[in-house]
file target08.pdb (PDB, C-alpha atoms)
ATOM      1  CA  MET A   9     -91.923  29.066 -37.699
ATOM      2  CA  LYS A  10     -90.064  28.667 -34.454
ATOM      3  CA  THR A  11     -87.832  31.444 -33.295
ATOM      4  CA  PRO A  12     -84.227  30.113 -32.845
ATOM      5  CA  LEU A  13     -83.054  30.090 -29.293
ATOM      6  CA  PRO A  14     -80.208  32.486 -28.515
ATOM      7  CA  MET A  15     -76.747  30.906 -28.042
ATOM      8  CA  ARG A  16     -75.722  30.786 -24.437
ATOM      9  CA  THR A  17     -72.295  32.066 -23.484
ATOM     10  CA  PRO A  18     -70.427  29.554 -21.274
ATOM     11  CA  THR A  19     -70.326  30.704 -17.745
ATOM     12  CA  ARG A  20     -67.092  31.095 -15.804
ATOM     13  CA  THR A  21     -67.977  28.005 -13.789
ATOM     14  CA  ALA A  22     -68.464  25.880 -16.904
ATOM     15  CA  ARG A  23     -65.205  27.061 -18.411
ATOM     16  CA  GLY A  24     -63.396  26.197 -15.180
ATOM     17  CA  LEU A  25     -64.907  22.716 -15.137
ATOM     18  CA  ARG A  26     -63.770  22.031 -18.692
ATOM     19  CA  ARG A  27     -60.245  23.239 -17.951
ATOM     20  CA  GLY A  28     -60.161  21.057 -14.869
ATOM     21  CA  LEU A  29     -61.399  18.093 -16.894
ATOM     22  CA  ARG A  30     -58.711  18.614 -19.544
ATOM     23  CA  ARG A  31     -56.047  18.977 -16.863
ATOM     24  CA  GLY A  32     -57.276  15.830 -15.139
ATOM     25  CA  LEU A  33     -57.059  13.861 -18.378
ATOM     26  CA  ALA A  34     -53.611  15.275 -19.213
ATOM     27  CA  LEU A  35     -51.961  14.246 -15.953
ATOM     28  CA  PRO A  36     -52.470  10.462 -16.359
ATOM     29  CA  LEU A  37     -51.318  10.738 -19.978
ATOM     30  CA  LEU A  38     -48.163  12.599 -18.894
ATOM     31  CA  ALA A  39     -47.464   9.951 -16.264
ATOM     32  CA  VAL A  40     -47.743   7.198 -18.893
ATOM     33  CA  LEU A  41     -45.391   9.028 -21.247
ATOM     34  CA  LEU A  42     -42.842   9.651 -18.502
ATOM     35  CA  GLY A  43     -43.076   6.069 -17.318
ATOM     36  CA  GLY A  44     -42.371   4.840 -20.824
ATOM     37  CA  CYS A  45     -39.207   6.908 -20.871
ATOM     38  CA  GLY A  46     -38.004   5.438 -17.601
ATOM     39  CA  ILE A  47     -38.719   8.664 -15.674
ATOM     40  CA  ARG A  48     -40.881   8.551 -12.605
ATOM     41  CA  ALA A  49     -43.244  11.493 -12.335
ATOM     42  CA  THR A  50     -43.134  13.335  -9.061
ATOM     43  CA  GLN A  51     -44.747  16.395  -7.544
ATOM     44  CA  VAL A  52     -41.974  16.827  -4.958
ATOM     45  CA  PRO A  53     -38.976  19.096  -5.736
ATOM     46  CA  THR A  54     -35.816  17.028  -6.237
ATOM     47  CA  ASP A  55     -33.133  19.707  -6.015
ATOM     48  CA  PHE A  56     -30.816  18.294  -3.349
ATOM     49  CA  GLY A  57     -27.905  20.589  -4.186
ATOM     50  CA  PRO A  58     -24.557  19.642  -5.703
ATOM     51  CA  ALA A  59     -23.143  16.160  -5.302
ATOM     52  CA  PRO A  60     -20.913  15.802  -2.223
ATOM     53  CA  THR A  61     -17.165  15.867  -2.775
ATOM     54  CA  ARG A  62     -14.777  13.353  -1.219
ATOM     55  CA  ILE A  63     -11.085  13.678  -0.506
ATOM     56  CA  HIS A  64      -9.388  10.414  -1.378
ATOM     57  CA  CYS A  65      -6.036  11.113   0.347
ATOM     58  CA  ALA A  66      -4.303   9.340  -2.524
ATOM     59  CA  LEU A  67      -1.607  10.741  -4.759
ATOM     60  CA  THR A  68      -1.359  10.016  -8.465
ATOM     61  CA  ASP A  69       1.796   8.431  -9.870
ATOM     62  CA  ASP A  70       3.128  11.816 -10.963
ATOM     63  CA  GLY A  71       2.324  13.337  -7.574
ATOM     64  CA  LEU A  72       4.194  10.920  -5.343
ATOM     65  CA  SER A  73       6.328  12.586  -2.707
ATOM     66  CA  PRO A  74       9.958  12.501  -3.799
ATOM     67  CA  GLN A  75      12.654  12.014  -1.201
ATOM     68  CA  SER A  76      14.336  15.405  -1.125
ATOM     69  CA  THR A  77      17.645  13.980   0.128
ATOM     70  CA  PRO A  78      19.099  10.484   0.235
ATOM     71  CA  GLY A  79      18.890   8.784   3.591
ATOM     72  CA  ILE A  80      16.983   6.274   5.666
ATOM     73  CA  PRO A  81      13.476   5.602   4.271
ATOM     74  CA  VAL A  82      10.813   6.437   6.852
ATOM     75  CA  GLN A  83       7.096   7.035   7.005
ATOM     76  CA  VAL A  84       5.418  10.005   8.634
ATOM     77  CA  PHE A  85       1.774  10.509   9.528
ATOM     78  CA  LEU A  86       0.060  13.578   8.106
ATOM     79  CA  VAL A  87      -3.562  14.616   8.533
ATOM     80  CA  CYS A  88      -5.974  13.960   5.686
ATOM     81  CA  SER A  89      -9.758  13.888   5.842
ATOM     82  CA  SER A  90      -9.523  14.143   9.663
ATOM     83  CA  GLN A  91      -7.434  10.951   9.848
ATOM     84  CA  LEU A  92      -3.739  10.085  10.055
ATOM     85  CA  VAL A  93      -2.318   8.815   6.765
ATOM     86  CA  THR A  94       1.279   7.773   6.063
ATOM     87  CA  LEU A  95       3.564   9.318   3.485
ATOM     88  CA  ASP A  96       7.091   8.266   2.495
ATOM     89  CA  ARG A  97       9.981  10.462   3.543
ATOM     90  CA  SER A  98      13.701  10.031   4.285
ATOM     91  CA  VAL A  99      15.986  11.003   7.153
ATOM     92  CA  ARG A 100      19.696  11.516   6.644
ATOM     93  CA  ILE A 101      22.076  10.292   9.370
ATOM     94  CA  PRO A 102      25.891  10.652   9.164
ATOM     95  CA  ASP A 103      27.787   7.375   8.944
ATOM     96  CA  GLY A 104      29.402   6.209  12.161
ATOM     97  CA  THR A 105      26.916   7.978  14.433
ATOM     98  CA  ALA A 106      26.649   6.359  17.879
ATOM     99  CA  GLU A 107      23.371   4.576  18.604
ATOM    100  CA  ALA A 108      22.138   7.007  21.282
ATOM    101  CA  GLU A 109      22.851  10.023  19.109
ATOM    102  CA  ARG A 110      21.419   8.265  16.073
ATOM    103  CA  ARG A 111      18.068   7.793  17.810
ATOM    104  CA  VAL A 112      17.843  11.500  18.602
ATOM    105  CA  LEU A 113      18.832  12.473  15.050
ATOM    106  CA  VAL A 114      16.165  10.168  13.622
ATOM    107  CA  ALA A 115      13.572  11.606  16.013
ATOM    108  CA  GLN A 116      14.495  15.168  15.054
ATOM    109  CA  GLY A 117      14.444  14.236  11.372
ATOM    110  CA  LEU A 118      10.958  12.784  11.735
ATOM    111  CA  VAL A 119       9.704  15.930  13.474
ATOM    112  CA  ASP A 120      11.320  18.083  10.775
ATOM    113  CA  GLU A 121       9.504  16.106   8.084
ATOM    114  CA  LEU A 122       6.240  16.353  10.001
ATOM    115  CA  SER A 123       6.537  20.117  10.382
ATOM    116  CA  GLN A 124       7.263  20.805   6.707
ATOM    117  CA  ASN A 125       4.430  22.052   4.552
ATOM    118  CA  PRO A 126       3.105  19.274   2.300
ATOM    119  CA  SER A 127       4.017  19.505  -1.379
ATOM    120  CA  ALA A 128       1.619  21.028  -3.905
ATOM    121  CA  ALA A 129       0.423  17.569  -4.970
ATOM    122  CA  GLU A 130      -0.048  16.490  -1.353
ATOM    123  CA  THR A 131      -1.947  19.659  -0.527
ATOM    124  CA  GLN A 132      -4.213  19.119  -3.519
ATOM    125  CA  ALA A 133      -4.871  15.571  -2.298
ATOM    126  CA  GLY A 134      -5.936  16.951   1.082
ATOM    127  CA  TYR A 135      -2.846  16.465   3.275
ATOM    128  CA  THR A 136      -2.050  18.914   6.076
ATOM    129  CA  THR A 137       0.114  18.949   9.196
ATOM    130  CA  ALA A 138      -0.339  20.423  12.666
ATOM    131  CA  VAL A 139       3.226  19.982  13.964
ATOM    132  CA  PRO A 140       4.894  23.353  14.664
ATOM    133  CA  LYS A 141       8.034  24.196  12.716
ATOM    134  CA  ASP A 142      10.094  25.271  15.733
ATOM    135  CA  LEU A 143       9.716  21.997  17.640
ATOM    136  CA  ARG A 144      13.015  20.395  18.688
ATOM    137  CA  VAL A 145      13.787  16.963  20.121
ATOM    138  CA  SER A 146      16.426  15.862  22.632
ATOM    139  CA  GLY A 147      17.336  12.601  24.314
ATOM    140  CA  PRO A 148      16.585  11.504  27.863
ATOM    141  CA  SER A 149      17.546  13.450  30.944
ATOM    142  CA  PRO A 150      19.948  11.645  33.358
ATOM    143  CA  LYS A 151      17.137   9.889  35.294
ATOM    144  CA  ASP A 152      14.871   9.182  32.291
ATOM    145  CA  PRO A 153      14.475   5.766  30.663
ATOM    146  CA  GLU A 154      16.870   5.410  27.734
ATOM    147  CA  ASN A 155      14.086   5.425  25.116
ATOM    148  CA  THR A 156      12.718   8.786  26.277
ATOM    149  CA  PHE A 157      12.381  11.816  23.989
ATOM    150  CA  ARG A 158      11.964  15.295  25.369
ATOM    151  CA  LEU A 159      10.414  18.040  23.295
ATOM    152  CA  THR A 160      11.048  21.765  23.566
ATOM    153  CA  LYS A 161       7.295  22.141  24.148
ATOM    154  CA  PRO A 162       5.347  20.044  26.675
ATOM    155  CA  PRO A 163       3.318  17.393  24.841
ATOM    156  CA  THR A 164       0.198  18.653  26.619
ATOM    157  CA  SER A 165       0.650  22.067  24.958
ATOM    158  CA  LEU A 166       0.490  20.578  21.452
ATOM    159  CA  SER A 167      -2.778  20.197  19.600
ATOM    160  CA  SER A 168      -4.387  16.764  19.566
ATOM    161  CA  TYR A 169      -3.551  16.420  15.867
ATOM    162  CA  ALA A 170       0.117  17.393  16.314
ATOM    163  CA  LEU A 171       0.643  15.078  19.278
ATOM    164  CA  ALA A 172      -1.069  12.196  17.468
ATOM    165  CA  GLN A 173       1.146  12.744  14.418
ATOM    166  CA  ILE A 174       4.301  12.577  16.545
ATOM    167  CA  ILE A 175       3.146   9.545  18.543
ATOM    168  CA  CYS A 176       2.220   7.440  15.524
ATOM    169  CA  THR A 177       5.285   8.514  13.509
ATOM    170  CA  PHE A 178       7.652   7.656  16.388
ATOM    171  CA  ALA A 179       5.834   4.375  17.047
ATOM    172  CA  ASP A 180       6.257   3.398  13.389
ATOM    173  CA  SER A 181      10.062   3.721  13.530
ATOM    174  CA  GLU A 182      12.309   1.136  15.199
ATOM    175  CA  ALA A 183      14.747   3.919  16.078
ATOM    176  CA  THR A 184      12.222   5.891  18.128
ATOM    177  CA  ALA A 185       9.713   3.338  19.464
ATOM    178  CA  ALA A 186      10.199   1.568  22.787
ATOM    179  CA  ASP A 187      10.527  -2.208  22.882
ATOM    180  CA  ASP A 188       6.767  -2.619  23.315
ATOM    181  CA  GLY A 189       5.984  -0.203  20.460
ATOM    182  CA  SER A 190       4.994   2.665  22.735
ATOM    183  CA  VAL A 191       6.485   6.168  22.779
ATOM    184  CA  ILE A 192       7.774   7.980  25.876
ATOM    185  CA  LEU A 193       7.575  11.749  25.627
ATOM    186  CA  GLY A 194       8.215  14.630  27.971
ATOM    187  CA  GLY A 195       8.676  18.346  27.899
ATOM    188  CA  PRO A 196      11.908  20.296  28.454
ATOM    189  CA  GLY A 197      13.978  19.791  31.567
ATOM    190  CA  THR A 198      12.976  17.099  34.034
ATOM    191  CA  GLY A 199       9.193  17.345  33.826
ATOM    192  CA  ASN A 200       6.858  14.375  34.048
ATOM    193  CA  LEU A 201       7.002  11.706  31.351
ATOM    194  CA  ARG A 202       4.035  10.049  29.645
ATOM    195  CA  ARG A 203       3.853   6.801  27.673
ATOM    196  CA  TYR A 204       1.735   6.911  24.516
ATOM    197  CA  THR A 205       0.512   4.229  22.111
ATOM    198  CA  CYS A 206      -0.555   4.660  18.509
ATOM    199  CA  THR A 207      -3.910   2.910  18.432
ATOM    200  CA  THR A 208      -6.334   2.380  15.567
ATOM    201  CA  GLU A 209      -8.729   4.794  17.247
ATOM    202  CA  LEU A 210      -6.032   7.464  17.397
ATOM    203  CA  ARG A 211      -5.204   7.083  13.709
ATOM    204  CA  ASP A 212      -8.861   7.162  12.692
ATOM    205  CA  ALA A 213      -9.914  10.140  14.830
ATOM    206  CA  PRO A 214      -6.860  12.076  16.061
ATOM    207  CA  GLY A 215      -8.750  15.293  16.687
ATOM    208  CA  GLU A 216     -11.673  14.016  18.727
ATOM    209  CA  GLU A 217      -9.875  13.834  22.073
ATOM    210  CA  ARG A 218      -6.423  13.917  23.655
ATOM    211  CA  PRO A 219      -4.279  10.809  23.068
ATOM    212  CA  GLU A 220      -4.428   8.428  26.034
ATOM    213  CA  SER A 221      -1.261   8.041  28.076
ATOM    214  CA  THR A 222       0.127   6.637  31.314
ATOM    215  CA  ALA A 223       2.619   8.182  33.689
ATOM    216  CA  VAL A 224       6.216   6.984  33.581
ATOM    217  CA  GLY A 225       8.164   6.948  36.853
ATOM    218  CA  ALA A 226      11.614   8.468  36.981
TER
END

call {"tool": "encode", "arguments": {"input": "target08.pdb", "output": "structure tokens"}}
result
Amino acid sequence: MKTPLPMRTPTRTARGLRRGLRRGLALPLLAVLLGGCGIRATQVPTDFGPAPTRIHCALTDDGLSPQSTPGIPVQVFLVCSSQLVTLDRSVRIPDGTAEAERRVLVAQGLVDELSQNPSAAETQAGYTTAVPKDLRVSGPSPKDPENTFRLTKPPTSLSSYALAQIICTFADSEATAADDGSVILGGPGTGNLRRYTCTTELRDAPGEERPESTAVGA
């Protein structure tokens, strides 16, 4: 009668090989199951963070900017998503105002609208303004061209955004734009004048560099 052989305990190496074999068989099966569900298996982490947000610079119907007072309908350029975007406003001018005075009143009204804080709905949509609240506008000095506007602060002292807002808003109004659509601005007194144009590049990227201009002779 033969003596039964003793049972051999699996070695650590053998156990590791079997686990590796089972794992190797499970991976293709998992890939097939995931592929059948329309999910592509991957060994690379796919956590790219939250989805990016985008400011649309558009107001809903119930968030449209109301005209606070009756007057002449105008458009002003505010900053939204680093660009200049128009919003509807109004400027009130007394009846019977002379043309020269009317132009200055319209210009001041436009600057006043630009310097006001956007409404709650406009702020939520991403609108801001860089025009200072204490900025005043006057007409031409005696030797200036008739379509000149002088500001209480030199245009060069304003931020690129603020100056771009004023240029494009003035250029959009028949009362403040020159015959060729440009805008002539100067500082207080009899300082040098500059002619500005509201270009597509300025509207699209008002903060990248100073608005281009040319000197205006007295």

call {"tool": "resolve_selection", "arguments": {"input": "target08.pdb", "expression": "the PyMOL selection byres ((chain A and resi 116-119) around 7)", "output": "PyMOL selection string"}}
result
chain A and resi 84+99+112-115+120-123+144-145

call {"tool": "residues_around", "arguments": {"input": "target08.pdb", "residues": "A:Pro214", "least_positions_apart": "3", "cutoff": "12 Å", "atoms": "all atoms listed in the file", "output": "ChimeraX atom specification"}}
result
/A:85-93,137-138,167-176,206-211,217-220

call {"tool": "atom_distance", "arguments": {"input": "target08.pdb", "atom1": "atom CA of A:Asn200", "atom2": "atom CA of A:Leu143"}}
result
18.3 Å

call {"tool": "closest_residue", "arguments": {"input": "target08.pdb", "among": "A:Thr222, A:Ser190, A:Thr105, A:Thr94", "to": "A:Glu130", "atoms": "all atoms listed in the file"}}
result
A:Thr94

call {"tool": "atom_distance", "arguments": {"input": "target08.pdb", "atom1": "atom CA of A:Leu201", "atom2": "atom CA of A:Gly189"}}
result
16.2 Å

call {"tool": "closest_residue", "arguments": {"input": "target08.pdb", "among": "A:Leu159, A:Ala129, A:Leu95, A:Ala108", "to": "A:Pro196", "atoms": "all atoms listed in the file"}}
result
A:Leu159

call {"tool": "axis_aligned_box", "arguments": {"input": "target08.pdb", "around": "stretch 148-157 of chain A", "padding_each_side": "3 Å", "output": "JSON"}}
result
{"center_x": 16.2, "center_y": 9.4, "center_z": 29.6, "size_x": 13.6, "size_y": 14.0, "size_z": 17.3}

call {"tool": "residues_around", "arguments": {"input": "target08.pdb", "residues": "A:Arg97", "least_positions_apart": "3", "cutoff": "7 Å", "atoms": "all atoms listed in the file", "output": "NGL selection string"}}
result
:A and (75 or 81-84)

call {"tool": "resolve_selection", "arguments": {"input": "target08.pdb", "expression": "the PyMOL selection byres ((chain A and resi 153) around 10)", "output": "ChimeraX atom specification"}}
result
/A:147-152,154-157,186,192,201,224-226

call {"tool": "write_last_selection", "arguments": {"input": "target08.pdb", "atoms": "C-alpha atoms", "output": "CSV table (one decimal), keeping the file's coordinate frame"}}
result
chain,number,residue,atom,x,y,z
A,147,GLY,CA,17.3,12.6,24.3
A,148,PRO,CA,16.6,11.5,27.9
A,149,SER,CA,17.5,13.4,30.9
A,150,PRO,CA,19.9,11.6,33.4
A,151,LYS,CA,17.1,9.9,35.3
A,152,ASP,CA,14.9,9.2,32.3
A,154,GLU,CA,16.9,5.4,27.7
A,155,ASN,CA,14.1,5.4,25.1
A,156,THR,CA,12.7,8.8,26.3
A,157,PHE,CA,12.4,11.8,24.0
A,186,ALA,CA,10.2,1.6,22.8
A,192,ILE,CA,7.8,8.0,25.9
A,201,LEU,CA,7.0,11.7,31.4
A,224,VAL,CA,6.2,7.0,33.6
A,225,GLY,CA,8.2,6.9,36.9
A,226,ALA,CA,11.6,8.5,37.0

call {"tool": "closest_residue", "arguments": {"input": "target08.pdb", "among": "A:Ile80, A:Ala128, A:Gly134, A:Pro102", "to": "A:Cys65", "atoms": "all atoms listed in the file"}}
result
A:Gly134

call {"tool": "atom_distance", "arguments": {"input": "target08.pdb", "atom1": "atom CA of A:Glu109", "atom2": "atom CA of A:Val191"}}
result
17.2 Å
